[in-house]
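K.L.:
Input final_34.txt, format and content: compact mmCIF, C-alpha atoms.
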```
# COMPACT_ATOMS: atom_id res chain seq x y z
CA MET A 1 39.81 -21.34 14.00
CA TYR A 2 41.21 -18.15 15.55
CA ARG A 3 43.26 -20.10 18.08
CA THR A 4 44.74 -22.19 15.27
CA LEU A 5 45.65 -19.23 13.08
CA PHE A 6 46.96 -16.83 15.69
CA SER A 7 49.18 -17.08 18.74
CA SER A 8 47.39 -15.51 21.71
CA GLY A 9 44.18 -16.45 19.91
CA GLU A 10 42.03 -15.43 22.88
CA LYS A 11 42.98 -11.79 22.32
CA TYR A 12 41.92 -11.98 18.68
CA ILE A 13 38.63 -13.56 19.71
CA LYS A 14 38.07 -10.77 22.22
CA VAL A 15 38.49 -8.16 19.48
CA VAL A 16 36.18 -10.08 17.13
CA ASP A 17 33.65 -10.44 19.95
CA ALA A 18 33.70 -6.66 20.43
CA LEU A 19 33.23 -6.04 16.71
CA SER A 20 30.24 -8.41 16.62
CA SER A 21 28.37 -6.02 18.92
CA LYS A 22 28.15 -3.21 16.37
CA ARG A 23 27.06 -3.85 12.80
CA ARG A 24 28.51 -0.62 11.37
CA GLY A 25 31.86 -1.30 13.05
CA LEU A 26 33.95 0.25 15.81
CA SER A 27 36.73 2.78 15.95
CA ARG A 28 40.12 1.80 17.34
CA GLU A 29 39.30 3.76 20.50
CA GLU A 30 35.98 1.92 20.95
CA ILE A 31 37.69 -1.45 20.48
CA SER A 32 40.25 -0.52 23.12
CA GLU A 33 37.53 0.59 25.52
CA ILE A 34 35.42 -2.58 25.12
CA THR A 35 38.33 -5.05 25.27
CA ASN A 36 40.41 -3.15 27.83
CA PHE A 37 43.38 -3.50 25.49
CA PRO A 38 45.70 -0.47 25.49
CA GLN A 39 46.09 1.38 22.20
CA ASN A 40 49.60 0.19 21.54
CA GLY A 41 51.55 -1.85 19.03
CA GLU A 42 49.95 -5.12 20.09
CA LEU A 43 46.44 -3.88 19.30
CA THR A 44 47.73 -2.60 15.96
CA ARG A 45 49.20 -6.02 15.19
CA ILE A 46 45.98 -7.82 16.12
CA LEU A 47 43.86 -5.53 13.93
CA ASN A 48 46.31 -5.74 11.02
CA ASP A 49 46.40 -9.55 11.28
CA LEU A 50 42.61 -9.71 11.23
CA ILE A 51 42.47 -7.40 8.19
CA ASP A 52 45.17 -9.33 6.33
CA SER A 53 43.26 -12.56 6.99
CA ASP A 54 39.97 -11.05 5.72
CA PHE A 55 38.21 -11.45 9.05
CA VAL A 56 37.91 -7.68 9.41
CA ARG A 57 37.76 -4.77 6.97
CA MET A 58 38.67 -1.17 7.61
CA ASN A 59 36.17 1.37 6.34
CA TYR A 60 37.55 4.85 5.81
CA PHE A 61 35.41 7.89 6.47
CA TRP A 62 34.97 10.08 3.39
CA GLY A 63 36.51 13.53 3.21
CA ASN A 64 37.59 13.99 6.81
CA LYS A 65 40.86 12.60 8.05
CA LYS A 66 39.97 13.61 11.61
CA LYS A 67 36.87 11.40 11.54
CA LYS A 68 37.60 7.95 12.87
CA SER A 69 37.69 5.05 10.45
CA LEU A 70 35.72 2.00 11.48
CA TYR A 71 36.83 -1.61 11.79
CA GLN A 72 34.03 -3.93 10.70
CA LEU A 73 33.66 -7.68 11.11
CA ALA A 74 33.68 -9.13 7.57
CA ASP A 75 34.05 -12.91 7.79
CA TYR A 76 30.79 -14.56 6.72
CA TYR A 77 30.90 -17.55 9.03
CA THR A 78 31.92 -15.47 12.04
CA LEU A 79 28.99 -13.13 11.38
CA PHE A 80 26.67 -16.13 11.08
CA TYR A 81 28.06 -17.61 14.29
CA TYR A 82 27.38 -14.51 16.36
CA LYS A 83 23.93 -14.05 14.85
CA PHE A 84 22.53 -17.59 14.99
CA ILE A 85 24.81 -20.02 16.81
CA LYS A 86 26.56 -18.42 19.80
CA ASP A 87 23.55 -17.89 22.05
CA GLY A 88 21.03 -20.30 20.59
CA TYR A 89 22.92 -23.44 19.56
CA GLY A 90 21.10 -26.64 20.50
CA ASN A 91 17.86 -24.99 21.57
CA ASP A 92 15.97 -26.02 18.43
CA GLU A 93 17.31 -28.63 16.02
CA HIS A 94 14.95 -27.25 13.35
CA PHE A 95 15.77 -23.62 14.05
CA TRP A 96 16.77 -22.76 10.47
CA SER A 97 13.54 -24.05 8.87
CA HIS A 98 11.40 -22.63 11.68
CA SER A 99 12.89 -19.15 11.30
CA ILE A 100 12.68 -18.85 7.51
CA ASP A 101 10.53 -15.70 7.66
CA SER A 102 11.75 -14.34 10.99
CA SER A 103 12.83 -10.72 11.29
CA SER A 104 16.32 -11.77 12.43
CA ARG A 105 16.86 -13.96 9.36
CA ILE A 106 15.53 -11.26 7.02
CA ALA A 107 17.88 -8.71 8.61
CA TRP A 108 20.79 -11.15 8.34
CA ARG A 109 20.15 -11.66 4.61
CA GLY A 110 20.21 -7.92 4.05
CA PHE A 111 23.41 -7.41 6.00
CA THR A 112 25.12 -10.38 4.33
CA PHE A 113 24.20 -9.00 0.91
CA GLU A 114 25.84 -5.72 1.89
CA GLN A 115 29.01 -7.61 2.85
CA LEU A 116 28.93 -9.42 -0.49
CA CYS A 117 28.74 -6.08 -2.30
CA LEU A 118 31.67 -4.68 -0.33
CA ASP A 119 33.73 -7.71 -1.34
CA HIS A 120 33.04 -6.98 -5.04
CA ILE A 121 33.92 -3.31 -5.46
CA TYR A 122 35.86 -4.07 -8.65
CA GLN A 123 32.79 -5.60 -10.34
CA ILE A 124 30.55 -2.78 -9.10
CA LYS A 125 32.84 -0.18 -10.65
CA ASN A 126 32.91 -2.08 -13.94
CA LYS A 127 29.13 -2.23 -14.08
CA LEU A 128 28.91 1.48 -13.31
CA GLY A 129 31.24 2.12 -16.22
CA ILE A 130 34.02 3.58 -14.08
CA GLY A 131 36.42 0.64 -14.01
CA GLY A 132 39.12 2.78 -15.60
CA VAL A 133 38.53 5.86 -13.44
CA LEU A 134 40.60 6.54 -10.34
CA THR A 135 38.28 6.20 -7.34
CA GLN A 136 38.21 5.91 -3.59
CA HIS A 137 35.47 4.05 -1.78
CA SER A 138 34.52 4.89 1.77
CA ILE A 139 31.70 5.31 4.27
CA TRP A 140 29.92 8.43 5.51
CA TYR A 141 27.53 9.05 8.35
CA LYS A 142 25.92 11.92 10.20
CA LYS A 143 24.47 11.51 13.66
CA ALA A 144 21.04 12.98 14.21
CA ASP A 145 20.90 16.44 15.75
CA GLU A 146 18.43 19.32 16.01
CA VAL A 147 18.89 20.11 12.30
CA TYR A 148 19.46 16.80 10.52
CA ASP A 149 18.13 13.29 10.80
CA GLY A 150 20.73 10.58 11.19
CA VAL A 151 22.19 9.35 7.88
CA GLN A 152 24.48 6.44 7.13
CA ILE A 153 26.08 5.64 3.75
CA ASP A 154 27.79 2.24 3.71
CA LEU A 155 29.38 2.63 0.27
CA LEU A 156 30.34 5.90 -1.34
CA ILE A 157 32.50 5.98 -4.48
CA ASP A 158 34.39 9.23 -5.00
CA ARG A 159 35.56 9.52 -8.60
CA GLN A 160 38.39 11.57 -10.09
CA ASP A 161 35.95 12.90 -12.69
CA LYS A 162 34.26 15.03 -9.98
CA VAL A 163 31.31 12.74 -9.40
CA ILE A 164 30.37 10.97 -6.17
CA THR A 165 28.18 7.87 -6.36
CA ILE A 166 26.14 6.94 -3.32
CA CYS A 167 25.48 3.20 -3.41
CA GLU A 168 22.40 1.73 -1.78
CA MET A 169 22.67 -2.04 -1.25
CA LYS A 170 19.35 -3.86 -0.85
CA PHE A 171 18.51 -7.55 -0.80
CA SER A 172 15.11 -8.55 -2.17
CA SER A 173 13.57 -11.85 -3.25
CA ASP A 174 12.17 -10.08 -6.33
CA GLU A 175 12.66 -6.77 -8.10
CA PHE A 176 13.24 -4.11 -5.47
CA VAL A 177 10.39 -1.60 -5.17
CA ILE A 178 11.05 2.03 -4.30
CA ASP A 179 7.93 3.39 -2.63
CA LYS A 180 7.04 6.91 -1.55
CA GLU A 181 8.65 6.65 1.88
CA TYR A 182 11.89 5.13 0.60
CA ASP A 183 12.08 7.74 -2.17
CA LYS A 184 11.77 10.42 0.50
CA SER A 185 14.49 8.73 2.55
CA LEU A 186 16.87 8.57 -0.43
CA ARG A 187 16.36 12.22 -1.30
CA ARG A 188 16.93 13.22 2.32
CA LYS A 189 20.11 11.14 2.47
CA MET A 190 21.53 12.70 -0.70
CA GLU A 191 20.62 16.23 0.34
CA THR A 192 22.03 15.78 3.85
CA PHE A 193 25.28 14.52 2.37
CA ARG A 194 25.51 17.51 0.01
CA LEU A 195 24.81 20.07 2.73
CA VAL A 196 26.87 18.60 5.57
CA SER A 197 29.86 17.54 3.48
CA GLY A 198 29.90 20.77 1.50
CA THR A 199 30.97 18.91 -1.63
CA LYS A 200 30.88 20.72 -4.94
CA LYS A 201 30.97 17.48 -6.91
CA GLY A 202 27.99 15.95 -8.64
CA VAL A 203 26.17 13.38 -6.51
CA GLY A 204 24.40 10.40 -8.09
CA LEU A 205 22.62 7.32 -6.79
CA ALA A 206 23.31 3.70 -7.70
CA MET A 207 21.12 0.82 -6.49
CA ILE A 208 22.80 -2.55 -5.94
CA THR A 209 20.07 -5.18 -5.63
CA THR A 210 19.53 -8.87 -6.21
CA TYR A 211 17.23 -8.58 -9.24
CA GLY A 212 17.16 -4.90 -10.14
CA VAL A 213 14.75 -2.08 -9.35
CA LYS A 214 11.13 -2.30 -10.44
CA LYS A 215 10.11 0.48 -12.79
CA ASN A 216 7.55 2.79 -11.20
CA MET A 217 6.90 6.48 -10.50
CA TYR A 218 9.80 6.65 -8.01
CA SER A 219 12.47 4.62 -9.77
CA ASP A 220 13.82 7.54 -11.82
CA ILE A 221 15.82 8.67 -8.79
CA VAL A 222 18.23 5.83 -9.59
CA ASN A 223 21.04 6.80 -11.98
CA ARG A 224 22.64 3.37 -12.35
CA GLN A 225 21.88 -0.21 -11.31
CA VAL A 226 23.95 -3.24 -10.34
CA THR A 227 22.47 -6.70 -9.77
CA LEU A 228 23.64 -9.84 -8.01
CA ASP A 229 24.76 -11.42 -11.29
CA ASP A 230 26.95 -8.39 -12.01
CA LEU A 231 28.91 -9.01 -8.81
CA PHE A 232 30.26 -12.26 -10.23
CA GLU A 233 31.39 -10.96 -13.61
CA ASP A 234 35.15 -10.66 -13.68
CA ASN A 235 36.79 -9.04 -16.70
CA ARG A 236 40.30 -8.81 -15.27
CA TRP A 237 41.63 -11.79 -17.21
```
Go ahead and express the file in the form of structure tokens.

P.N.:
Amino acid sequence: MYRTLFSSGEKYIKVVDALSSKRRGLSREEISEITNFPQNGELTRILNDLIDSDFVRMNYFWGNKKKKSLYQLADYYTLFYYKFIKDGYGNDEHFWSHSIDSSSRIAWRGFTFEQLCLDHIYQIKNKLGIGGVLTQHSIWYKKADEVYDGVQIDLLIDRQDKVITICEMKFSSDEFVIDKEYDKSLRRKMETFRLVSGTKKGVGLAMITTYGVKKNMYSDIVNRQVTLDDLFEDNRW
């Protein structure tokens, strides 16, 4: 597929192969280091071609232009290929049915759901009631140190009305349950973001899940909800 679409297809495959090694994505410098491609116009062209063809997305880091943006592999089949086909093809003709409850397949479903959400930002904004508000969506992360635990936010929507929405994307085969530990994790994530970023804006939490969040003693932490069905509502026409 890559050889058909692009001249010098092997170079594109090498970049994609590098991106497959890191779920959160790689900076331009990391891509250059892994592939041994110099950071020149050719690497720029390869990355731009992959973005324009929807094989790769660029995730911008919130609030800090000095922080490196990350290039992330976004094509569903390519992700599936690297996860389940590349190293295991032919070993088990019933692999898919045998691995239905395996940890790797469960993790893949969760990651694929996140990719689906990132491909439907327009619908997410509509469901949140901010379709008409100027926004920027981005990522944010903080590496663990002696003060803070490591935190990663894969979708953050910064709104012109001085509110930032942290979006948690979770796949579940039923209503998603927030338990004591996950509630603690969410509160720590929000507080770490407030303190480290220094933002003065309001910070809210939205859960994007397959079937919604189950009502319990911890669910009140969620300000807004988006479900799988909401991702396929399109009011643009």

K.L.:
Tell me, as a PyMOL selection string, which residues lie within 12 Å of Tyr82 (chain A), counting all atoms listed in the file; anything in the same chain fewer than 5 positions away does not count.

P.N.:
chain A and resi 13+16-23+73+75-77+87-89+108

K.L.:
Do a neighbour search on Phe232 (chain A) at 12 Å with all atoms listed in the file, toss out local chain neighbours closer than 4 positions, and write the hits as JSON, numbers by chain.

P.N.:
{"A": [116, 117, 119, 120, 121, 122, 123, 124, 126, 127, 210, 226, 227, 228, 236]}

K.L.:
Identify the residues within 12 Å of coordinate (37.8, 8.7, 11.7) (same frame as the file), considering all atoms listed in the file, and give the answer as a PyMOL selection string.

P.N.:
chain A and resi 25-30+58-71+138-141

K.L.:
So what do you get for CA of Asp183 (chain A) versus CA of Ser219 (chain A), distance-wise?

P.N.:
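Here the two named atoms are 8.2 Å from each other.
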
K.L.:
Can you pull out every residue within 10 Å of region 149-159 of chain A, counting all atoms listed in the file, but drop anything in the same chain fewer than 3 positions away, and send it as a PyMOL selection string?

P.N.:
chain A and resi 24+59+61-63+114-115+117-118+121+125+130+133-146+162-169+185-186+188-190+192-193+201-206

K.L.:
Take the residues that were just selected and, keeping C-alpha atoms, output them as a short mmCIF file (atom, residue, chain, number, x, y, z; two decimals), in the frame of the given file.

P.N.:
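Generated file (selection-v5.cif):
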```cif
data_model
loop_
_atom_site.label_atom_id
_atom_site.label_comp_id
_atom_site.auth_asym_id
_atom_site.auth_seq_id
_atom_site.Cartn_x
_atom_site.Cartn_y
_atom_site.Cartn_z
CA ARG A 24 28.51 -0.62 11.37
CA ASN A 59 36.17 1.37 6.34
CA PHE A 61 35.41 7.89 6.47
CA TRP A 62 34.97 10.08 3.39
CA GLY A 63 36.51 13.53 3.21
CA GLU A 114 25.84 -5.72 1.89
CA GLN A 115 29.01 -7.61 2.85
CA CYS A 117 28.74 -6.08 -2.30
CA LEU A 118 31.67 -4.68 -0.33
CA ILE A 121 33.92 -3.31 -5.46
CA LYS A 125 32.84 -0.18 -10.65
CA ILE A 130 34.02 3.58 -14.08
CA VAL A 133 38.53 5.86 -13.44
CA LEU A 134 40.60 6.54 -10.34
CA THR A 135 38.28 6.20 -7.34
CA GLN A 136 38.21 5.91 -3.59
CA HIS A 137 35.47 4.05 -1.78
CA SER A 138 34.52 4.89 1.77
CA ILE A 139 31.70 5.31 4.27
CA TRP A 140 29.92 8.43 5.51
CA TYR A 141 27.53 9.05 8.35
CA LYS A 142 25.92 11.92 10.20
CA LYS A 143 24.47 11.51 13.66
CA ALA A 144 21.04 12.98 14.21
CA ASP A 145 20.90 16.44 15.75
CA GLU A 146 18.43 19.32 16.01
CA LYS A 162 34.26 15.03 -9.98
CA VAL A 163 31.31 12.74 -9.40
CA ILE A 164 30.37 10.97 -6.17
CA THR A 165 28.18 7.87 -6.36
CA ILE A 166 26.14 6.94 -3.32
CA CYS A 167 25.48 3.20 -3.41
CA GLU A 168 22.40 1.73 -1.78
CA MET A 169 22.67 -2.04 -1.25
CA SER A 185 14.49 8.73 2.55
CA LEU A 186 16.87 8.57 -0.43
CA ARG A 188 16.93 13.22 2.32
CA LYS A 189 20.11 11.14 2.47
CA MET A 190 21.53 12.70 -0.70
CA THR A 192 22.03 15.78 3.85
CA PHE A 193 25.28 14.52 2.37
CA LYS A 201 30.97 17.48 -6.91
CA GLY A 202 27.99 15.95 -8.64
CA VAL A 203 26.17 13.38 -6.51
CA GLY A 204 24.40 10.40 -8.09
CA LEU A 205 22.62 7.32 -6.79
CA ALA A 206 23.31 3.70 -7.70
#
```

K.L.:
Of the candidates A:Lys86, A:Tyr148, A:Leu47, A:Asn36, which one gets nearest to Leu195 (chain A) if we count all atoms listed in the file?

P.N.:
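Answer, going by the shortest atom-to-atom distance: A:Tyr148.
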
K.L.:
Might I get the box with edges along x, y and z of the file that holds all atoms of region 126-132 of chain A listed there, padded by 6 Å on every side, given as centre and edge lengths in Å to one decimal, as lines of an AutoDock Vina configuration file?

P.N.:
```
center_x = 34.0
center_y = 0.7
center_z = -14.8
size_x = 22.2
size_y = 17.8
size_z = 14.9
```

K.L.:
In Å, how far is it from CA of Leu128 (chain A) to CA of Arg224 (chain A)?

P.N.:
6.6 Å

K.L.:
What's around Asp49 (chain A) at 12 Å? Count all atoms listed in the file, leave out sequence neighbours fewer than 2 positions away in its own chain, and write the answer as a ChimeraX atom specification.

P.N.:
/A:2,5-7,9,11-12,15-16,42-47,51-58

K.L.:
Using all atoms listed in the file - which residues lie no farther than 12 Å from the point (8.5, -1.0, -4.7) in the file's frame? Write them as a PyMOL selection string.

P.N.:
chain A and resi 170+172+174-183+212-219

K.L.:
For CA of Ala107 (chain A) and CA of Gln72 (chain A), quote the distance in Å rounded to one decimal.

P.N.:
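So the two atoms, CA of Ala107 (chain A) and CA of Gln72 (chain A), lie 17.0 Å apart.
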